[in-house]
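Listing of protein_25.csv; format and content: CSV, C-alpha atoms.
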chain,number,residue,atom,x,y,z
A,1,MET,CA,117.1,110.8,93.7
A,2,ASN,CA,118.7,107.4,93.4
A,3,SER,CA,120.2,107.6,96.9
A,4,PHE,CA,116.9,108.5,98.3
A,5,ILE,CA,115.2,105.6,96.5
A,6,LYS,CA,117.9,103.2,97.7
A,7,ILE,CA,117.1,104.2,101.3
A,8,ILE,CA,113.3,103.6,100.7
A,9,PHE,CA,113.9,100.2,99.3
A,10,LEU,CA,116.3,99.3,102.1
A,11,PHE,CA,113.4,99.9,104.4
A,12,PHE,CA,111.0,98.0,102.1
A,13,GLY,CA,113.2,95.0,102.0
A,14,LEU,CA,113.6,94.8,105.7
A,15,GLN,CA,109.9,94.8,106.4
A,16,VAL,CA,109.3,91.4,104.7
A,17,GLY,CA,111.0,89.8,107.7
A,18,VAL,CA,109.4,92.0,110.3
A,19,PHE,CA,105.8,91.2,109.2
A,20,SER,CA,106.1,87.5,109.5
A,21,TYR,CA,106.5,87.4,113.3
A,22,GLY,CA,106.0,90.8,114.9
A,23,GLN,CA,103.8,90.4,118.0
A,24,GLY,CA,101.1,92.3,116.3
A,25,PHE,CA,100.8,89.5,113.7
A,26,GLN,CA,101.7,86.6,116.0
A,27,VAL,CA,98.5,84.5,116.4
A,28,ASN,CA,98.1,82.9,119.8
A,29,PHE,CA,94.8,81.2,119.0
A,30,GLN,CA,95.5,77.5,118.9
A,31,GLY,CA,92.9,76.1,121.3
A,32,GLN,CA,89.5,77.5,122.4
A,33,LYS,CA,89.6,76.1,126.0
A,34,GLN,CA,93.1,77.7,126.5
A,35,GLN,CA,92.0,80.9,124.9
A,36,GLY,CA,89.2,81.2,127.5
A,37,MET,CA,91.8,81.0,130.2
A,38,GLY,CA,94.2,83.7,129.0
A,39,CYS,CA,95.7,81.4,126.2
A,40,ALA,CA,97.3,79.2,128.9
A,41,GLY,CA,97.1,75.4,129.3
A,42,THR,CA,100.6,73.8,129.0
A,43,ALA,CA,100.2,71.9,132.3
A,44,LEU,CA,96.8,70.3,131.4
A,45,ASN,CA,95.5,67.8,128.9
A,46,LEU,CA,92.3,69.7,127.9
A,47,ASP,CA,91.7,68.1,124.5
A,48,ALA,CA,93.5,67.4,121.2
A,49,SER,CA,94.8,71.0,121.1
A,50,SER,CA,97.5,69.7,123.6
A,51,LEU,CA,99.3,68.6,120.4
A,52,PHE,CA,100.2,72.2,120.1
A,53,PHE,CA,100.3,73.4,123.7
A,54,ASN,CA,102.2,70.4,125.1
A,55,PRO,CA,102.7,67.1,123.2
A,56,GLY,CA,103.6,65.5,126.5
A,57,ALA,CA,100.1,66.2,127.8
A,58,SER,CA,98.6,64.4,124.8
A,59,ALA,CA,99.9,61.1,126.3
A,60,PHE,CA,97.2,61.4,129.0
A,61,ALA,CA,94.2,61.5,126.5
A,62,ASN,CA,91.7,58.8,127.6
A,63,LYS,CA,90.0,58.8,124.1
A,64,SER,CA,90.8,59.5,120.5
A,65,GLU,CA,89.5,62.9,119.4
A,66,VAL,CA,89.1,65.3,116.5
A,67,ASN,CA,89.0,69.0,117.2
A,68,LEU,CA,88.2,71.8,114.7
A,69,ALA,CA,88.4,75.4,115.6
A,70,GLY,CA,88.3,78.9,114.2
A,71,THR,CA,88.7,82.5,115.5
A,72,ALA,CA,87.5,85.7,113.8
A,73,ILE,CA,89.9,88.6,114.5
A,74,PHE,CA,88.6,92.2,114.3
A,75,ALA,CA,91.6,94.4,114.5
A,76,ASP,CA,92.3,98.0,113.6
A,77,VAL,CA,95.0,100.6,114.1
A,78,LEU,CA,94.8,104.4,114.4
A,79,TYR,CA,97.9,106.4,113.6
A,80,THR,CA,98.2,110.0,114.8
A,81,ASP,CA,101.1,112.0,113.3
A,82,SER,CA,103.1,113.9,115.9
A,83,ALA,CA,103.8,116.9,113.7
A,84,THR,CA,100.4,117.5,112.2
A,85,GLN,CA,98.1,115.6,114.6
A,86,THR,CA,96.4,114.2,111.6
A,87,SER,CA,95.0,110.7,112.1
A,88,TYR,CA,94.8,107.7,109.7
A,89,ARG,CA,93.2,104.3,110.0
A,90,THR,CA,93.5,100.8,108.7
A,91,ASN,CA,90.7,99.1,106.8
A,92,ASN,CA,91.6,95.6,107.7
A,93,PRO,CA,89.6,92.5,106.6
A,94,ILE,CA,88.6,90.0,109.3
A,95,GLY,CA,91.5,87.7,110.3
A,96,THR,CA,90.6,83.9,110.3
A,97,PRO,CA,93.2,81.8,112.1
A,98,PHE,CA,92.1,78.2,112.4
A,99,SER,CA,93.3,74.9,113.9
A,100,ALA,CA,92.6,71.2,113.2
A,101,TYR,CA,93.7,68.4,115.5
A,102,GLY,CA,93.4,64.7,115.2
A,103,LEU,CA,94.6,62.5,118.1
A,104,TYR,CA,94.5,58.7,118.1
A,105,ARG,CA,95.0,56.8,121.4
A,106,PHE,CA,96.2,53.2,121.0
A,107,LYS,CA,94.8,50.4,123.1
A,108,LYS,CA,96.0,47.1,124.5
A,109,SER,CA,99.7,46.5,124.1
A,110,LEU,CA,100.3,50.0,122.6
A,111,GLU,CA,98.0,51.7,125.1
A,112,PRO,CA,100.6,54.2,126.5
A,113,LEU,CA,101.2,55.6,122.9
A,114,SER,CA,99.2,58.3,121.2
A,115,VAL,CA,99.8,59.8,117.7
A,116,GLY,CA,98.3,62.9,116.2
A,117,LEU,CA,98.4,65.5,113.5
A,118,ALA,CA,98.1,69.2,114.3
A,119,ILE,CA,97.4,71.9,111.6
A,120,TYR,CA,97.4,75.5,112.8
A,121,THR,CA,98.1,79.1,111.9
A,122,PRO,CA,100.6,80.7,114.4
A,123,PHE,CA,101.3,83.7,112.1
A,124,GLY,CA,99.1,85.4,109.7
A,125,SER,CA,97.1,88.6,109.1
A,126,THR,CA,96.2,91.3,106.7
A,127,VAL,CA,97.0,95.0,107.3
A,128,GLN,CA,95.6,97.6,104.8
A,129,TRP,CA,96.0,101.3,105.4
A,130,GLU,CA,93.6,103.9,104.0
A,131,PRO,CA,94.5,105.5,100.6
A,132,GLY,CA,96.9,108.4,100.8
A,133,TRP,CA,98.0,108.0,104.4
A,134,ILE,CA,101.2,109.6,105.5
A,135,GLY,CA,103.1,106.3,105.8
A,136,ARG,CA,102.2,105.0,102.3
A,137,PHE,CA,105.9,105.0,101.3
A,138,ALA,CA,106.5,102.5,104.2
A,139,LEU,CA,103.4,100.4,103.6
A,140,THR,CA,100.0,100.3,102.0
A,141,ARG,CA,99.0,96.7,102.4
A,142,LEU,CA,100.4,93.5,103.8
A,143,SER,CA,98.9,90.0,103.6
A,144,LEU,CA,100.6,87.2,105.4
A,145,LYS,CA,99.7,83.5,105.8
A,146,ALA,CA,101.6,80.8,107.6
A,147,ILE,CA,100.3,77.2,108.2
A,148,PHE,CA,102.1,74.7,110.4
A,149,PHE,CA,101.8,70.9,109.9
A,150,GLN,CA,102.9,68.9,112.9
A,151,PRO,CA,102.7,65.1,113.1
A,152,THR,CA,103.2,64.1,116.7
A,153,PHE,CA,104.0,61.1,118.9
A,154,SER,CA,103.2,61.1,122.7
A,155,TYR,CA,104.1,58.4,125.2
A,156,ARG,CA,102.9,58.0,128.8
A,157,ILE,CA,105.9,56.7,130.7
A,158,SER,CA,104.0,56.3,134.0
A,159,GLU,CA,100.7,57.4,135.5
A,160,ARG,CA,102.4,60.7,136.3
A,161,PHE,CA,104.8,61.4,133.5
A,162,GLY,CA,104.3,61.9,129.8
A,163,ILE,CA,106.5,63.0,126.9
A,164,GLY,CA,105.8,64.0,123.3
A,165,ALA,CA,107.3,65.6,120.3
A,166,GLY,CA,106.3,66.7,116.8
A,167,PHE,CA,108.1,67.6,113.6
A,168,VAL,CA,106.9,70.9,112.1
A,169,VAL,CA,106.7,71.8,108.4
A,170,SER,CA,105.7,75.4,107.8
A,171,ASN,CA,104.2,76.6,104.6
A,172,GLY,CA,103.6,80.3,104.1
A,173,SER,CA,103.1,83.2,101.7
A,174,VAL,CA,103.4,87.0,101.8
A,175,ASN,CA,102.2,89.9,99.7
A,176,LEU,CA,103.5,93.3,100.6
A,177,GLN,CA,102.7,96.6,98.8
A,178,LYS,CA,103.8,100.2,99.2
A,179,ASP,CA,104.0,103.5,97.2
A,180,ILE,CA,107.3,104.7,95.8
A,181,PRO,CA,108.1,108.5,95.9
A,182,VAL,CA,108.8,109.0,92.2
A,183,GLN,CA,106.9,111.5,90.1
A,184,ASP,CA,105.4,111.9,86.6
A,185,SER,CA,103.3,114.7,85.3
A,186,LEU,CA,100.4,113.7,87.7
A,187,GLY,CA,102.5,113.6,90.8
A,188,PHE,CA,103.4,110.5,92.8
A,189,SER,CA,102.7,107.4,90.8
A,190,GLY,CA,105.1,104.7,91.8
A,191,HIS,CA,104.0,101.4,93.4
A,192,ALA,CA,105.8,98.2,94.4
A,193,GLU,CA,104.6,94.7,95.3
A,194,LEU,CA,106.6,91.9,96.7
A,195,ALA,CA,105.0,88.4,96.7
A,196,GLY,CA,106.5,85.1,97.6
A,197,LYS,CA,106.1,81.7,99.1
A,198,ALA,CA,108.1,80.4,102.1
A,199,ILE,CA,108.8,77.1,103.7
A,200,GLY,CA,110.5,76.2,107.0
A,201,PHE,CA,111.1,73.3,109.4
A,202,GLY,CA,111.2,72.9,113.1
A,203,TYR,CA,109.9,70.8,116.0
A,204,ASN,CA,107.6,71.0,119.1
A,205,ALA,CA,108.5,68.9,122.2
A,206,GLY,CA,107.1,68.8,125.7
A,207,ILE,CA,106.7,66.9,129.0
A,208,LEU,CA,103.9,66.8,131.6
A,209,TYR,CA,104.4,65.7,135.2
A,210,HIS,CA,101.6,65.2,137.7
A,211,VAL,CA,103.1,66.0,141.0
A,212,ASN,CA,100.0,64.7,142.7
A,213,HIS,CA,96.2,64.6,141.9
A,214,LYS,CA,95.9,68.4,142.3
A,215,PHE,CA,99.2,69.9,141.0
A,216,SER,CA,100.8,69.4,137.6
A,217,MET,CA,103.8,70.9,135.8
A,218,GLY,CA,104.5,71.1,132.0
A,219,LEU,CA,107.5,72.2,130.0
A,220,THR,CA,107.6,72.7,126.3
A,221,TYR,CA,110.0,74.0,123.7
A,222,ARG,CA,108.9,75.1,120.2
A,223,SER,CA,112.0,75.5,118.0
A,224,LYS,CA,113.0,78.4,115.8
A,225,VAL,CA,111.7,78.0,112.2
A,226,ASN,CA,113.7,79.6,109.4
A,227,MET,CA,111.3,80.6,106.7
A,228,SER,CA,113.1,80.7,103.4
A,229,VAL,CA,111.7,82.8,100.5
A,230,ASN,CA,113.8,81.5,97.5
A,231,ASN,CA,112.0,82.7,94.4
A,232,GLY,CA,109.7,85.6,95.3
A,233,ASN,CA,108.4,88.1,92.7
A,234,ALA,CA,109.1,91.8,92.8
A,235,THR,CA,106.8,93.9,90.6
A,236,PHE,CA,107.2,97.7,90.2
A,237,THR,CA,104.9,100.2,88.7
A,238,VAL,CA,106.9,103.4,87.9
A,239,PRO,CA,107.1,106.1,85.2
A,240,THR,CA,108.5,104.8,81.9
A,241,ALA,CA,111.7,106.8,82.4
A,242,LEU,CA,112.5,104.8,85.6
A,243,ALA,CA,111.5,101.4,84.4
A,244,THR,CA,115.1,100.2,84.0
A,245,SER,CA,116.0,101.3,87.5
A,246,PHE,CA,113.2,99.1,88.9
A,247,PRO,CA,113.2,95.9,86.9
A,248,ASN,CA,110.6,93.3,87.8
A,249,GLY,CA,112.3,90.1,88.9
A,250,ALA,CA,113.0,87.6,91.7
A,251,PHE,CA,114.1,88.1,95.3
A,252,SER,CA,115.1,85.8,98.2
A,253,SER,CA,115.3,86.1,102.0
A,254,LYS,CA,115.4,84.1,105.2
A,255,LEU,CA,112.9,85.0,107.9
A,256,PRO,CA,113.5,83.5,111.4
A,257,LEU,CA,110.5,82.7,113.5
A,258,PRO,CA,111.6,82.7,117.2
A,259,SER,CA,111.7,79.7,119.5
A,260,VAL,CA,109.4,79.6,122.6
A,261,LEU,CA,110.2,78.0,125.9
A,262,THR,CA,107.2,77.6,128.2
A,263,LEU,CA,106.8,76.6,131.8
A,264,GLY,CA,103.2,75.7,132.7
A,265,LEU,CA,101.6,75.1,136.1
A,266,SER,CA,98.1,73.9,137.0
A,267,PHE,CA,96.2,73.5,140.2
A,268,THR,CA,93.0,71.6,140.5
A,269,PRO,CA,91.7,71.7,144.1
A,270,ASN,CA,88.5,69.9,143.4
A,271,THR,CA,86.3,68.5,140.6
A,272,LYS,CA,84.9,72.0,139.8
A,273,TRP,CA,87.9,74.4,139.7
A,274,SER,CA,91.1,74.4,137.7
A,275,PHE,CA,93.7,77.2,137.7
A,276,VAL,CA,96.5,77.5,135.1
A,277,LEU,CA,99.6,79.7,134.6
A,278,ASP,CA,102.0,79.7,131.6
A,279,ILE,CA,105.3,81.6,131.5
A,280,ASN,CA,106.8,82.1,128.0
A,281,ARG,CA,110.3,83.0,127.1
A,282,VAL,CA,110.3,84.0,123.4
A,283,ASN,CA,113.7,84.2,121.7
A,284,TRP,CA,113.1,87.2,119.5
A,285,LYS,CA,116.9,87.9,119.8
A,286,VAL,CA,117.4,85.6,116.8
A,287,TYR,CA,116.1,88.5,114.7
A,288,ASP,CA,119.1,90.8,114.9
A,289,THR,CA,119.9,91.2,111.2
A,290,LEU,CA,118.0,90.6,107.9
A,291,ALA,CA,119.6,90.1,104.5
A,292,PHE,CA,117.5,90.7,101.4
A,293,ASP,CA,118.7,89.7,98.0
A,294,TYR,CA,117.3,90.9,94.6
A,295,ALA,CA,118.2,88.7,91.6
A,296,GLN,CA,118.8,91.8,89.5
A,297,ASN,CA,120.4,94.9,91.0
A,298,THR,CA,120.5,98.5,89.7
A,299,SER,CA,121.8,101.8,91.0
A,300,ALA,CA,118.4,102.3,92.6
A,301,LEU,CA,117.7,98.7,93.7
A,302,SER,CA,120.5,97.0,95.7
A,303,ASP,CA,120.7,94.1,98.1
A,304,THR,CA,120.3,95.1,101.7
A,305,LYS,CA,121.5,94.0,105.1
A,306,SER,CA,120.4,95.8,108.2
A,307,ALA,CA,120.3,95.4,112.0
A,308,ARG,CA,116.9,95.1,113.6
A,309,ASN,CA,118.0,94.3,117.2
A,310,TYR,CA,114.8,92.7,118.6
A,311,GLU,CA,114.9,91.7,122.2
A,312,SER,CA,113.9,88.3,123.8
A,313,ILE,CA,110.9,88.8,126.0
A,314,PHE,CA,108.7,87.2,128.7
A,315,ALA,CA,105.0,86.7,128.5
A,316,PHE,CA,102.6,85.6,131.3
A,317,ARG,CA,99.3,84.0,130.7
A,318,GLY,CA,96.8,82.6,133.3
A,319,GLY,CA,93.2,81.8,134.0
A,320,ALA,CA,90.6,79.6,135.6
A,321,SER,CA,87.8,77.2,134.7
A,322,PHE,CA,84.7,76.4,136.7
A,323,ALA,CA,82.5,73.4,136.0
A,324,ALA,CA,79.1,74.9,136.8
A,325,THR,CA,77.3,71.6,135.9
A,326,LYS,CA,78.3,68.4,134.2
A,327,LYS,CA,77.4,70.1,130.8
A,328,TRP,CA,78.6,73.7,131.3
A,329,ILE,CA,82.1,74.8,132.0
A,330,LEU,CA,83.0,78.5,132.4
A,331,ARG,CA,86.4,80.1,131.8
A,332,VAL,CA,88.1,83.4,132.4
A,333,GLY,CA,91.7,84.6,132.0
A,334,SER,CA,94.2,87.4,131.2
A,335,GLY,CA,97.8,87.8,130.0
A,336,PHE,CA,100.6,90.3,129.7
A,337,GLY,CA,103.5,90.3,127.2
A,338,PHE,CA,106.5,92.6,126.8
A,339,THR,CA,107.2,93.9,123.3
A,340,PRO,CA,110.3,92.7,121.5
A,341,VAL,CA,110.4,95.9,119.4
A,342,GLN,CA,112.9,98.4,120.7
A,343,SER,CA,112.4,102.1,120.4
A,344,GLY,CA,113.2,103.4,117.0
A,345,TYR,CA,112.0,100.2,115.2
A,346,VAL,CA,108.2,100.5,115.4
A,347,THR,CA,106.6,100.2,112.0
A,348,PRO,CA,103.1,100.4,110.4
A,349,GLU,CA,103.2,96.6,110.0
A,350,THR,CA,104.2,95.9,113.7
A,351,PRO,CA,103.0,98.9,115.8
A,352,ASP,CA,103.8,96.8,118.8
A,353,ALA,CA,103.7,97.7,122.5
A,354,ASN,CA,103.6,95.9,125.8
A,355,ARG,CA,100.3,94.1,125.7
A,356,LEU,CA,97.6,93.4,128.3
A,357,TYR,CA,94.6,91.4,127.4
A,358,GLY,CA,91.5,89.7,128.8
A,359,THR,CA,89.7,86.5,127.8
A,360,CYS,CA,86.6,84.5,128.7
A,361,GLY,CA,84.7,81.5,127.3
A,362,PHE,CA,82.6,78.4,128.0
A,363,SER,CA,82.1,74.8,126.9
A,364,PHE,CA,79.0,72.8,126.5
A,365,VAL,CA,79.2,69.0,126.7
A,366,ALA,CA,76.3,67.5,124.7
A,367,ASN,CA,77.1,63.9,125.4
A,368,GLU,CA,80.1,61.6,125.8
A,369,HIS,CA,81.1,62.1,122.1
A,370,PHE,CA,80.2,65.7,121.2
A,371,SER,CA,81.1,69.1,122.7
A,372,PHE,CA,81.8,72.6,121.7
A,373,ASP,CA,83.8,75.5,123.1
A,374,THR,CA,83.8,79.3,122.7
A,375,SER,CA,86.2,82.0,123.7
A,376,LEU,CA,86.4,85.8,123.5
A,377,TYR,CA,89.7,87.8,123.5
A,378,ALA,CA,90.1,91.6,123.7
A,379,THR,CA,93.1,94.0,123.9
A,380,ARG,CA,94.1,97.6,123.4
A,381,MET,CA,97.6,98.9,123.2
A,382,GLN,CA,99.2,102.3,122.4
A,383,ARG,CA,102.8,103.3,121.5
A,384,THR,CA,104.5,106.5,120.4
A,385,ASP,CA,107.8,106.2,118.5
A,386,LYS,CA,110.0,107.7,115.7
A,387,ASN,CA,111.3,105.1,113.3
A,388,LEU,CA,115.0,105.5,112.7
A,389,GLU,CA,114.9,104.6,109.0
A,390,THR,CA,111.7,106.2,107.7
A,391,GLN,CA,111.5,109.1,110.3
A,392,LEU,CA,107.7,108.2,110.7
A,393,ASN,CA,106.9,109.8,114.0
A,394,GLY,CA,103.6,109.4,115.7
A,395,THR,CA,101.3,107.3,118.0
A,396,PHE,CA,99.8,103.9,117.1
A,397,THR,CA,96.7,102.8,118.9
A,398,SER,CA,95.7,99.2,118.2
A,399,ILE,CA,92.5,97.5,119.2
A,400,ALA,CA,91.7,93.8,118.7
A,401,PHE,CA,88.6,91.8,119.4
A,402,ALA,CA,88.4,88.0,118.7
A,403,PRO,CA,85.6,85.6,119.3
A,404,GLY,CA,86.2,81.9,118.5
A,405,ILE,CA,84.5,78.5,118.5
A,406,SER,CA,85.6,74.8,118.3
A,407,LEU,CA,83.8,71.5,117.8
A,408,ASN,CA,85.0,68.3,119.4
A,409,TYR,CA,84.3,64.6,118.7
A,410,LYS,CA,85.6,61.8,120.9
A,411,TRP,CA,85.5,58.0,120.6
Give the structure from this file in structure tokens form.
Amino acid sequence: MNSFIKIIFLFFGLQVGVFSYGQGFQVNFQGQKQQGMGCAGTALNLDASSLFFNPGASAFANKSEVNLAGTAIFADVLYTDSATQTSYRTNNPIGTPFSAYGLYRFKKSLEPLSVGLAIYTPFGSTVQWEPGWIGRFALTRLSLKAIFFQPTFSYRISERFGIGAGFVVSNGSVNLQKDIPVQDSLGFSGHAELAGKAIGFGYNAGILYHVNHKFSMGLTYRSKVNMSVNNGNATFTVPTALATSFPNGAFSSKLPLPSVLTLGLSFTPNTKWSFVLDINRVNWKVYDTLAFDYAQNTSALSDTKSARNYESIFAFRGGASFAATKKWILRVGSGFGFTPVQSGYVTPETPDANRLYGTCGFSFVANEHFSFDTSLYATRMQRTDKNLETQLNGTFTSIAFAPGISLNYKW
């Protein structure tokens, strides 16, 4: 029994790192205009959201601006067990990633300089499986939140070339729950909950170069962020006879969020049309091993260290915008991303697969100060896998639908 429980908690410990940045929980909603064009926009200065997409593009802002945005994510997963063909579903609440940008453009002698603050949620979601599902010993519920704060400086070196960089402070929290296969007179009754807060640091830097009045190139690098959980709380609900084997107490871990290198291209043939393409290289390879440390160990609860072997991947995003009138701008886009999760490592928290999605959106410009943007994102993906640690063997089908809106004020 003790050996079996050790294996279960080895898997449990590993999941805390996986949840924080699996593609299934990576939020790519940091700008409504970009979301309408396939989540691309590195080579354009569209609004204050360039503080995230390319700090170098923010140097070309012609006005100061405040941008507030939110997206509602409706996402559910269906799992079908390979042996029994029984299906189980998630009962997920609505995800609510948000962004807030403030950009100030200096004038007169400091005119080439812009400063800004970006607050956004690149990782965060809640996954909740229906009671009694077959994978309840792997996961019953996960809630993850991560908010990035990024003060930024941008400088326009010339009419064609701009640079920018921001320092990132990440503040996050995680709450993970699962059942434990221990028995009392009523059957399975064990439950575990891990909750903790994490903090990490990084940076976001970029350049934008206008080759000519029609063609632009952007290059950005968002650094790896090591999220450190230093004093999390582990709470176990087990039969009285096993209470000493599962003591409540503290745990610690380091959770690496990957770096992202992006090359962006834009083509604006006239005043009505713009076309964008972003190519991302995401360094998931940094997540090869995860160490998980309990403050108090027992024969059933030991520190863990395990290989995860994620792969670095490419993602491609592109789209177009069309200025139908001076007030209405229409957008459409699509994207494709390879999964970093190798076969044998797919979990109920990150039932990830190669992902194809579509987007659309529009903007309405009320006057020279006020405007608003909307976007719509949709995707469906499916993957069959057998997890090497839990032996959970089946097919995950994931569907996500995400409308969003932003409000803009310029002066």
Surrounding residues of stretch 342-349 of chain A excluding itself and chain neighbours under 3 positions, 10 Å, only C-alpha atoms, as number ranges by chain
A: 15-16, 18-20, 22, 24-25, 77, 79, 90, 126-129, 135-136, 138-142, 176, 308-311, 339, 352-353, 383-393, 396
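When all atoms listed in the file are used to measure the gap to A:Ala400, the shortest distance among A:Leu255, A:Ile94, A:Leu46, A:Ile329 belongs to A:Ile94.
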Quick one: everything within 8 Å of A:Asn54, counting all atoms listed in the file, minus sequence neighbours fewer than 6 positions away in the same chain. Send it as a PDB file with C-alpha atoms, keeping the file's coordinate frame.
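out_2.pdb written:
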ATOM      1  CA  THR A  42     100.600  73.800 129.000  1.00  0.00           C
ATOM      2  CA  ALA A  43     100.200  71.900 132.300  1.00  0.00           C
ATOM      3  CA  GLY A 164     105.800  64.000 123.300  1.00  0.00           C
ATOM      4  CA  ALA A 205     108.500  68.900 122.200  1.00  0.00           C
ATOM      5  CA  GLY A 206     107.100  68.800 125.700  1.00  0.00           C
ATOM      6  CA  ILE A 207     106.700  66.900 129.000  1.00  0.00           C
ATOM      7  CA  LEU A 208     103.900  66.800 131.600  1.00  0.00           C
ATOM      8  CA  GLY A 218     104.500  71.100 132.000  1.00  0.00           C
ATOM      9  CA  LEU A 219     107.500  72.200 130.000  1.00  0.00           C
ATOM     10  CA  THR A 220     107.600  72.700 126.300  1.00  0.00           C
TER      11      THR A 220
END
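With all atoms listed in the file as the atoms that count, the residue of A:Ser245, A:Asn175, A:Asn67, A:Asn92 with the shortest distance to A:Gly31 is A:Asn67.
Distance annotation: of A:Asn297, A:Thr395, A:Phe316, A:Ala378, the residue with the minimal separation from A:Thr244 is A:Asn297; atom set is all atoms listed in the file.
When only C-alpha atoms are used to compute distances to A:Pro239, the closest of the residues A:Gly38, A:Pro181, A:Pro122, A:Pro55 turns out to be A:Pro181.
Nearest to A:Ser253 of all the residues A:Ala402, A:Val174, A:Ile279, A:Asn204 is A:Val174, based on only C-alpha atoms.
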Identify the residues around (109.0, 71.9, 120.1) within a radius of 9 Å, measuring from all atoms listed in the file in the coordinates stated by the file, and give them as a PDB file with C-alpha atoms, keeping the file's coordinate frame.
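Saved to point-v6.pdb:
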ATOM      1  CA  PHE A  52     100.200  72.200 120.100  1.00  0.00           C
ATOM      2  CA  ASN A  54     102.200  70.400 125.100  1.00  0.00           C
ATOM      3  CA  PRO A  55     102.700  67.100 123.200  1.00  0.00           C
ATOM      4  CA  ALA A 165     107.300  65.600 120.300  1.00  0.00           C
ATOM      5  CA  GLY A 166     106.300  66.700 116.800  1.00  0.00           C
ATOM      6  CA  PHE A 167     108.100  67.600 113.600  1.00  0.00           C
ATOM      7  CA  VAL A 168     106.900  70.900 112.100  1.00  0.00           C
ATOM      8  CA  GLY A 202     111.200  72.900 113.100  1.00  0.00           C
ATOM      9  CA  TYR A 203     109.900  70.800 116.000  1.00  0.00           C
ATOM     10  CA  ASN A 204     107.600  71.000 119.100  1.00  0.00           C
ATOM     11  CA  ALA A 205     108.500  68.900 122.200  1.00  0.00           C
ATOM     12  CA  GLY A 206     107.100  68.800 125.700  1.00  0.00           C
ATOM     13  CA  THR A 220     107.600  72.700 126.300  1.00  0.00           C
ATOM     14  CA  TYR A 221     110.000  74.000 123.700  1.00  0.00           C
ATOM     15  CA  ARG A 222     108.900  75.100 120.200  1.00  0.00           C
ATOM     16  CA  SER A 223     112.000  75.500 118.000  1.00  0.00           C
ATOM     17  CA  LYS A 224     113.000  78.400 115.800  1.00  0.00           C
ATOM     18  CA  SER A 259     111.700  79.700 119.500  1.00  0.00           C
ATOM     19  CA  VAL A 260     109.400  79.600 122.600  1.00  0.00           C
ATOM     20  CA  LEU A 261     110.200  78.000 125.900  1.00  0.00           C
TER      21      LEU A 261
END
